[in-house]
$ cat work_35.cif   # mmCIF, C-alpha atoms
data_run
#
loop_
_atom_site.label_atom_id
_atom_site.label_comp_id
_atom_site.auth_asym_id
_atom_site.auth_seq_id
_atom_site.Cartn_x
_atom_site.Cartn_y
_atom_site.Cartn_z
CA MET A 24 -170.40 -5.15 118.73
CA SER A 25 -167.96 -5.56 121.66
CA ARG A 26 -164.21 -5.74 121.06
CA THR A 27 -162.29 -8.96 121.61
CA ASP A 28 -160.73 -9.24 125.06
CA PHE A 29 -156.96 -9.88 125.08
CA ASN A 30 -157.06 -11.91 128.30
CA THR A 31 -159.78 -14.20 126.93
CA LEU A 32 -157.55 -15.07 123.98
CA LEU A 33 -154.58 -15.60 126.30
CA GLU A 34 -156.47 -17.94 128.64
CA ALA A 35 -157.67 -20.01 125.67
CA GLY A 36 -154.11 -20.52 124.41
CA VAL A 37 -154.76 -18.78 121.10
CA HIS A 38 -151.15 -17.49 121.14
CA PHE A 39 -149.45 -20.90 120.88
CA GLY A 40 -148.13 -21.49 117.38
CA HIS A 41 -146.24 -24.43 115.88
CA LEU A 42 -142.61 -25.47 116.23
CA LYS A 43 -140.12 -22.95 114.86
CA ARG A 44 -138.80 -25.45 112.30
CA LYS A 45 -142.32 -25.86 110.83
CA TRP A 46 -143.11 -22.19 110.44
CA ASN A 47 -144.15 -20.41 107.26
CA PRO A 48 -142.12 -17.19 106.76
CA LYS A 49 -145.24 -15.45 105.40
CA MET A 50 -146.68 -15.57 108.92
CA ALA A 51 -143.77 -13.49 110.27
CA PRO A 52 -145.86 -10.29 110.64
CA TYR A 53 -148.15 -12.09 113.11
CA ILE A 54 -145.46 -13.73 115.26
CA PHE A 55 -144.52 -12.01 118.52
CA MET A 56 -141.54 -14.14 119.59
CA GLU A 57 -140.09 -17.64 119.82
CA LYS A 58 -139.98 -19.50 123.12
CA ASN A 59 -138.64 -23.02 123.74
CA GLY A 60 -138.64 -23.71 120.02
CA ILE A 61 -142.31 -22.67 119.61
CA HIS A 62 -143.55 -19.53 117.90
CA ILE A 63 -145.80 -17.24 119.94
CA ILE A 64 -148.54 -15.38 118.05
CA ASP A 65 -149.02 -11.66 118.69
CA LEU A 66 -152.43 -11.57 120.37
CA HIS A 67 -152.82 -7.83 119.86
CA LYS A 68 -152.86 -8.48 116.11
CA THR A 69 -155.12 -11.49 116.61
CA ALA A 70 -157.65 -9.35 118.49
CA LEU A 71 -157.51 -6.66 115.80
CA LYS A 72 -157.92 -9.13 112.93
CA LEU A 73 -160.69 -10.99 114.75
CA ASP A 74 -162.63 -7.76 115.22
CA GLU A 75 -162.23 -6.92 111.51
CA ALA A 76 -163.41 -10.39 110.47
CA SER A 77 -166.35 -10.28 112.89
CA ALA A 78 -167.48 -6.89 111.58
CA ALA A 79 -167.37 -8.16 107.98
CA LEU A 80 -169.27 -11.36 108.87
CA LYS A 81 -171.88 -9.31 110.71
CA GLN A 82 -172.54 -7.26 107.57
CA ILE A 83 -172.84 -10.42 105.47
CA ALA A 84 -175.38 -11.88 107.91
CA LYS A 85 -177.23 -8.55 108.07
CA SER A 86 -177.61 -8.56 104.29
CA GLY A 87 -179.30 -11.97 104.47
CA ARG A 88 -176.47 -13.94 102.86
CA ARG A 89 -174.91 -17.18 104.11
CA VAL A 90 -171.45 -18.08 105.41
CA LEU A 91 -170.25 -21.66 104.94
CA PHE A 92 -168.06 -22.97 107.78
CA VAL A 93 -165.54 -25.73 107.03
CA ALA A 94 -163.77 -27.72 109.74
CA THR A 95 -163.12 -31.42 109.15
CA LYS A 96 -160.37 -31.88 111.73
CA LYS A 97 -161.32 -34.02 114.69
CA GLN A 98 -160.99 -31.43 117.47
CA ALA A 99 -163.07 -28.84 115.60
CA LYS A 100 -166.01 -30.92 114.34
CA GLU A 101 -168.28 -30.86 117.39
CA ILE A 102 -167.51 -27.24 118.26
CA VAL A 103 -168.33 -26.00 114.77
CA ALA A 104 -171.48 -28.11 114.47
CA GLU A 105 -172.79 -26.83 117.81
CA LYS A 106 -171.94 -23.14 117.55
CA VAL A 107 -172.62 -22.62 113.85
CA ALA A 108 -175.95 -24.47 113.94
CA SER A 109 -177.08 -22.10 116.71
CA VAL A 110 -176.86 -19.12 114.31
CA GLY A 111 -178.45 -21.01 111.41
CA MET A 112 -175.44 -21.10 109.10
CA PRO A 113 -174.39 -24.10 106.94
CA TYR A 114 -171.25 -26.07 107.77
CA VAL A 115 -169.12 -29.01 106.61
CA THR A 116 -167.53 -31.15 109.32
CA GLU A 117 -167.12 -34.47 107.54
CA ARG A 118 -165.39 -34.77 104.19
CA TRP A 119 -165.06 -31.86 101.78
CA ALA A 120 -166.62 -33.18 98.58
CA GLY A 121 -164.60 -32.07 95.57
CA GLY A 122 -166.55 -29.50 93.60
CA MET A 123 -168.80 -28.55 96.49
CA LEU A 124 -168.48 -24.95 95.32
CA THR A 125 -167.18 -25.16 91.75
CA ASN A 126 -169.73 -27.86 90.85
CA PHE A 127 -172.49 -26.62 93.11
CA PRO A 128 -175.46 -27.68 90.88
CA THR A 129 -174.39 -31.34 91.20
CA ILE A 130 -174.18 -31.01 94.97
CA ARG A 131 -177.68 -29.54 95.00
CA LYS A 132 -178.92 -32.55 93.02
CA ALA A 133 -177.50 -34.85 95.70
CA VAL A 134 -179.25 -32.81 98.39
CA LYS A 135 -182.53 -33.00 96.45
CA LYS A 136 -182.08 -36.75 96.26
CA MET A 137 -182.33 -36.85 100.05
CA ALA A 138 -185.62 -34.97 99.84
CA THR A 139 -186.87 -37.41 97.19
CA ILE A 140 -186.06 -40.41 99.39
CA ASP A 141 -187.85 -38.77 102.32
CA LYS A 142 -190.89 -38.10 100.14
CA MET A 143 -190.95 -41.76 99.02
CA THR A 144 -190.86 -42.83 102.65
CA ASN A 145 -193.72 -40.53 103.61
CA ASP A 146 -196.07 -41.32 100.71
CA GLY A 147 -195.63 -45.09 101.01
CA THR A 148 -193.68 -45.62 97.75
CA PHE A 149 -190.75 -46.92 99.75
CA ASP A 150 -192.84 -49.90 100.92
CA ASN A 151 -193.10 -51.20 97.34
CA PHE A 152 -189.35 -51.90 97.12
CA SER A 153 -187.75 -55.20 98.03
CA LYS A 154 -185.88 -55.59 101.31
CA ARG A 155 -182.52 -55.36 99.53
CA GLU A 156 -183.49 -52.18 97.65
CA LYS A 157 -184.75 -50.61 100.88
CA LEU A 158 -181.43 -51.36 102.56
CA GLN A 159 -179.45 -49.83 99.68
CA ILE A 160 -181.59 -46.69 99.63
CA ALA A 161 -181.37 -46.35 103.42
CA ARG A 162 -177.57 -46.59 103.29
CA GLN A 163 -177.44 -44.04 100.50
CA ARG A 164 -179.68 -41.68 102.50
CA ALA A 165 -177.49 -42.06 105.60
CA LYS A 166 -174.34 -41.32 103.61
CA LEU A 167 -175.87 -38.22 102.04
CA GLU A 168 -177.11 -37.04 105.43
CA LYS A 169 -173.67 -37.45 106.96
CA ASN A 170 -171.84 -35.52 104.24
CA LEU A 171 -174.46 -33.00 103.08
CA GLY A 172 -177.11 -32.86 105.78
CA SER A 173 -175.68 -29.66 107.24
CA ILE A 174 -175.93 -27.76 103.93
CA VAL A 175 -179.54 -28.65 103.07
CA ASP A 176 -180.59 -25.00 103.40
CA LEU A 177 -177.71 -23.74 101.24
CA THR A 178 -179.70 -23.19 98.04
CA ARG A 179 -177.07 -20.98 96.37
CA LEU A 180 -173.32 -20.36 96.65
CA PRO A 181 -172.31 -18.89 100.02
CA ALA A 182 -171.25 -15.26 100.32
CA ALA A 183 -168.15 -16.26 102.30
CA LEU A 184 -166.19 -19.25 103.58
CA PHE A 185 -164.90 -19.63 107.15
CA VAL A 186 -162.13 -22.19 107.54
CA VAL A 187 -160.47 -23.79 110.56
CA ASP A 188 -156.98 -24.99 109.49
CA VAL A 189 -156.00 -23.64 106.10
CA GLN A 190 -153.68 -26.56 105.31
CA LYS A 191 -156.27 -29.26 105.91
CA GLU A 192 -159.00 -27.41 104.03
CA ALA A 193 -156.77 -26.39 101.10
CA ASN A 194 -159.26 -27.73 98.54
CA ALA A 195 -162.10 -25.66 99.98
CA VAL A 196 -159.94 -22.51 99.96
CA ARG A 197 -158.86 -23.21 96.37
CA GLU A 198 -162.45 -23.57 95.18
CA ALA A 199 -163.53 -20.40 96.99
CA LYS A 200 -160.70 -18.37 95.43
CA ARG A 201 -161.56 -19.71 92.00
CA LEU A 202 -165.10 -18.35 92.42
CA SER A 203 -163.94 -15.10 94.09
CA ILE A 204 -165.67 -16.01 97.35
CA PRO A 205 -163.97 -14.23 100.29
CA VAL A 206 -162.26 -16.57 102.75
CA PHE A 207 -162.11 -16.04 106.53
CA ALA A 208 -159.74 -18.39 108.34
CA MET A 209 -157.92 -19.26 111.53
CA VAL A 210 -154.30 -19.30 110.34
CA ASP A 211 -151.56 -20.95 112.41
CA THR A 212 -147.82 -20.18 112.14
CA CYS A 213 -147.24 -23.14 109.82
CA CYS A 214 -149.79 -21.98 107.21
CA ASP A 215 -149.65 -19.74 104.16
CA PRO A 216 -151.98 -16.73 104.58
CA THR A 217 -151.63 -15.57 100.95
CA ASP A 218 -155.04 -16.76 99.71
CA ILE A 219 -156.93 -15.73 102.84
CA ASP A 220 -158.92 -12.49 102.66
CA TYR A 221 -159.45 -12.19 106.42
CA VAL A 222 -156.56 -13.73 108.33
CA ILE A 223 -157.15 -14.54 112.01
CA PRO A 224 -153.71 -15.57 113.35
CA ALA A 225 -154.51 -18.20 115.97
CA ASN A 226 -153.82 -21.67 117.30
CA ASP A 227 -156.00 -23.91 115.13
CA ASP A 228 -155.29 -27.13 117.05
CA ALA A 229 -156.46 -26.44 120.62
CA VAL A 230 -160.15 -26.97 121.34
CA LYS A 231 -160.35 -23.90 123.61
CA SER A 232 -158.71 -21.69 121.00
CA ILE A 233 -161.11 -22.80 118.28
CA ALA A 234 -164.07 -22.36 120.64
CA VAL A 235 -163.20 -18.79 121.66
CA ILE A 236 -162.70 -17.67 118.05
CA LEU A 237 -165.98 -19.26 116.96
CA ASP A 238 -167.81 -17.73 119.94
CA THR A 239 -166.77 -14.25 118.80
CA VAL A 240 -167.53 -14.88 115.14
CA CYS A 241 -170.92 -16.51 115.78
CA ALA A 242 -171.91 -13.72 118.18
CA ALA A 243 -171.23 -11.18 115.41
CA ILE A 244 -173.29 -13.20 112.93
CA ALA A 245 -176.14 -13.48 115.45
CA GLU A 246 -176.08 -9.67 115.84
CA GLY A 247 -176.26 -9.22 112.09
CA VAL A 248 -179.21 -11.62 111.81
CA GLU A 249 -181.05 -9.86 114.65
CA GLU A 250 -180.48 -6.40 113.13
CA ARG A 251 -181.82 -7.66 109.80
CA LYS A 252 -184.90 -8.98 111.58
CA LEU A 253 -185.51 -5.64 113.31
CA GLU A 254 -185.07 -3.73 110.06
CA LYS A 255 -187.60 -5.96 108.30
CA GLU A 256 -190.11 -5.44 111.12
CA LYS A 257 -189.58 -1.67 110.91
CA GLU A 258 -190.06 -1.71 107.13
CA ALA A 259 -193.25 -3.74 107.53
CA GLN A 260 -194.60 -1.25 110.09
CA GLU A 261 -193.76 1.70 107.83
CA ALA A 262 -195.43 0.02 104.86
CA GLU A 263 -198.53 -0.65 106.95
CA ALA A 264 -198.58 2.94 108.16
CA ALA A 265 -198.22 4.17 104.56
CA THR A 266 -201.26 2.16 103.44
CA GLU A 267 -203.34 3.46 106.35
CA ALA A 268 -202.27 7.09 105.89
CA PRO A 269 -204.47 7.79 102.81
CA LYS A 270 -207.53 6.52 104.69
CA THR A 271 -206.97 8.90 107.61
CA ALA A 272 -205.97 11.72 105.28
CA LYS A 273 -209.26 11.73 103.28
CA PRO A 274 -211.44 13.41 105.95
CA ARG A 275 -208.71 16.03 106.51
CA ILE A 276 -208.49 16.73 102.79
CA LYS A 277 -212.28 17.10 102.56
CA LYS A 278 -212.28 19.59 105.45
CA ALA A 279 -209.44 21.56 103.89
CA VAL A 280 -211.17 21.66 100.50
CA LYS A 281 -214.48 22.77 102.13
CA ALA A 282 -212.67 25.48 104.09
CA ALA A 283 -210.99 26.74 100.90
CA ILE A 284 -214.34 26.81 99.04
CA ASP A 285 -216.02 28.65 101.93
CA ALA A 286 -213.20 31.18 102.00
CA GLU A 287 -213.42 31.66 98.23
CA GLU A 288 -217.21 32.13 98.43
CA ALA A 289 -216.75 34.71 101.16
CA VAL A 290 -214.28 36.65 98.99
CA VAL A 291 -216.70 36.50 96.02
CA ALA A 292 -219.54 37.75 98.26
CA ASP A 293 -217.39 40.70 99.40
CA VAL A 294 -216.54 41.59 95.79
CA VAL A 295 -220.22 41.44 94.74
CA ALA A 296 -221.23 43.61 97.68
CA ALA A 297 -218.53 46.13 96.75
CA VAL A 298 -219.66 46.22 93.11
CA GLU A 299 -223.29 46.69 94.11
CA ALA A 300 -222.34 49.51 96.44
CA GLU A 301 -220.51 51.48 93.72
CA PRO A 302 -223.67 52.63 91.73
CA ALA A 303 -225.25 53.79 94.97
CA ALA A 304 -222.23 55.89 95.72
CA GLU A 305 -222.15 57.40 92.23
CA THR A 306 -225.90 58.34 92.51
CA ALA A 307 -225.26 60.08 95.81
CA GLU A 308 -222.44 62.12 94.23
CA ASP A 309 -224.66 63.14 91.27
CA ALA A 310 -227.40 64.28 93.63
CA GLU A 311 -224.95 66.59 95.35
#
$ encode --input "work_35.cif" --output "structure tokens"
Amino acid sequence: MSRTDFNTLLEAGVHFGHLKRKWNPKMAPYIFMEKNGIHIIDLHKTALKLDEASAALKQIAKSGRRVLFVATKKQAKEIVAEKVASVGMPYVTERWAGGMLTNFPTIRKAVKKMATIDKMTNDGTFDNFSKREKLQIARQRAKLEKNLGSIVDLTRLPAALFVVDVQKEANAVREAKRLSIPVFAMVDTCCDPTDIDYVIPANDDAVKSIAVILDTVCAAIAEGVEERKLEKEKEAQEAEAATEAPKTAKPRIKKAVKAAIDAEEAVVADVVAAVEAEPAAETAEDAE
């Protein structure tokens, strides 16, 4: 996995924090300086923290677990939907439904309801409803698709949460901490990093900044998924070779057993010949 390039972060404006008067003192370790009333984030620390987060996310993906991305702010929605979907991870870009993690079974029921509606449409049951009922069901399906369509494949709680803007997604972070789910997040100078397990100090408002962080993170996840795929293929090949090995080994075992028997018979023949020769020798000695 390649290290994050400092200049790439600089060009994307990742270093621009919030106004000095809006800062959170807990972000002091990640602030380089203040310029024109705006805090400047230390990009060396950003690069280091981003590499740490990427390595951890890669291992999660390699183990076959899922990472749920949450970004409901306007400038992050499209970027997250595009980049996260490309690596096959679930995401929430509309409204965070209360209890999405802490009341996960109920959320799964809502997702299954979408599948039920689709099944009714396909098998013709939907045609038996009145026009008004069809309209109501269609609206319900559209609403579910908008809010939960991106987590259809999330059949169990995610192994980690990735958040863009800790303040806006406070409810998601709170639920994750309650369930001891590790939280990865882009944390700006106005946010509290206390509840974040993997802090990535960065500008969480600029589109370019969000894009460059997600590019790095998604690339790491893609690597993890690919390595898992290669490992599975290798295991399958080894298993296949193990099943074929006994078949090829049988003729070799038979030859080895036959050779051992032949050798043993030869030794027995030599012993018998030696025993038979002894009386002849004794007779010759007596004659003398």
$ atom_distance --input "work_35.cif" --atom1 "atom CA of A:Lys257" --atom2 "atom CA of A:Ala79"
23.3 Å
$ residues_around --input "work_35.cif" --residues "stretch 80-96 of chain A" --least-positions-apart "6" --cutoff "6 Å" --atoms "only C-alpha atoms" --output "number ranges by chain"
A: 113-117, 181-187, 243-244, 247-248, 251
$ residues_around --input "work_35.cif" --residues "A:His41" --least-positions-apart "4" --cutoff "7 Å" --atoms "only C-alpha atoms" --output "VMD selection string"
chain A and resid 45 to 46 61 to 62 212 to 213
$ atom_distance --input "work_35.cif" --atom1 "atom CA of A:Leu253" --atom2 "atom CA of A:Asp176"
22.3 Å
$ closest_residue --input "work_35.cif" --among "A:Lys58, A:Lys166, A:Lys43, A:Arg26" --to "A:Lys72" --atoms "all atoms listed in the file"
A:Arg26
$ atom_distance --input "work_35.cif" --atom1 "atom CA of A:Met143" --atom2 "atom CA of A:Met123"
25.9 Å
$ resolve_selection --input "work_35.cif" --expression "the PyMOL selection byres ((chain A and resi 193-195) around 10)" --output "list in words"
Val93, Trp119, Ala120, Gly121, Gly122, Met123, Leu124, Thr125, Leu184, Phe185, Val186, Asp188, Val189, Gln190, Lys191, Glu192, Val196, Arg197, Glu198, Ala199, Lys200, Arg201, Val206 and Asp218 of chain A
$ closest_residue --input "work_35.cif" --among "A:Arg164, A:Arg118, A:Lys97, A:Lys135" --to "A:Asp227" --atoms "only C-alpha atoms"
A:Lys97
$ closest_residue --input "work_35.cif" --among "A:Ile204, A:Ile219, A:Ile174, A:Ala225" --to "A:Ala70" --atoms "all atoms listed in the file"
A:Ala225
$ resolve_selection --input "work_35.cif" --expression "the PyMOL selection byres ((chain A and resi 68) around 12)" --output "number ranges by chain"
A: 27-29, 32, 37-38, 50-55, 63-67, 69-75, 222-225
